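Chemist: First the structure, then my questions, so here it is.
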Amino acid sequence: MRIVIVFNHPYDGSYCNAILQSVIAGAEKAKHEIDLIHLDQDGFNPVMTASDLKAFRDRIPVDSQVIEYKKRLDNADRLVFIFPIWWELMPAMTKGFIDKVIFPGVAYDHSESGYSMLPLFKNIKGVTVITTMNTPSLVYRFLFGNAVKKAIMTGTFWKTGYKNRKWISLNVVKFASDKKRKKWLLDIEKRFEKLK
């Protein structure tokens, strides 16, 4: 299986980076192929420019990084996102990736009726999103409305027709014990080791 990981965190010493290493370790044990898109190291520009918006209308991307990412996603069997939640949402680079790559004519097409969308990355059998935050789960869900679930899991990938969506939310990370953090990492590694 070819797993494309879209990673967004600027600090190498972050817990998100430890999660990335656990995902890679588990996937490699299962002999999966990893293709890492590291948005920060790539210097990805998340801003939708006027030419990007015209490209959106015309359904032909013009950003050279988006064109490269599309080629890599065309060959993906599974898509994994790893990022922190800052102020209840994803960082700008992750949002920009979704804006510029989950794009008509690239990641999805509209049905003939115009009332639904059809996925265009035909090999992708599932999408996994792994996030970290310092907000307690119940507070995030009920006070802040589960913003990432609504925006990414439902508003992006359900809407565009991708199946087998899974969100792994690690909460109150800053205050978690070392033991708990290590258990989370081990659980993630085992999850990707068993991925078929």
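By order of appearance in the structure tokens: chains A, B, ..., then residues from 1 within every chain, and ligands from 1 in the order shown.
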Just the alpha helix (DSSP H) stuff from region 16-195 of chain A, please, per backbone DSSP, written as a ChimeraX atom specification.

Modeler: /A:16-29,39-42,50-58,64-74,92-101,137-142,147-148,178-193

Chemist: With a cut-off of 12 Å, could you pull out the residues of region 12-61 of chain A touching region 171-180 of chain A and give me the nearest pair of atoms for each, distance in Å to one decimal, using only C-alpha atoms, ordered by chain and ascending number, as a tab-separated table?

Modeler:
```
residue	atom	partner	partner_atom	distance
A:Ser14	CA	A:Lys174	CA	10.7
A:Tyr15	CA	A:Val173	CA	8.3
A:Cys16	CA	A:Val173	CA	10.2
A:Ile19	CA	A:Val173	CA	12.0
```

Chemist: Next, write the just-selected residues to a file, as a compact mmCIF listing (two decimals), in the first residue's frame, keeping C-alpha atoms as the atom set.

Modeler:
```
# COMPACT_ATOMS: atom_id res chain seq x y z
CA SER A 14 6.88 18.80 18.39
CA TYR A 15 4.63 15.98 19.52
CA CYS A 16 3.17 16.01 15.99
CA ILE A 19 3.33 11.08 15.83
```

Chemist: At a cut-off of 6 Å, using only C-alpha atoms, what residues contact region 95-102 of chain A? Leave out same-chain residues fewer than 2 positions from it and give the result as JSON, numbers by chain.

Modeler: {"A": [46, 66, 92, 93, 107]}
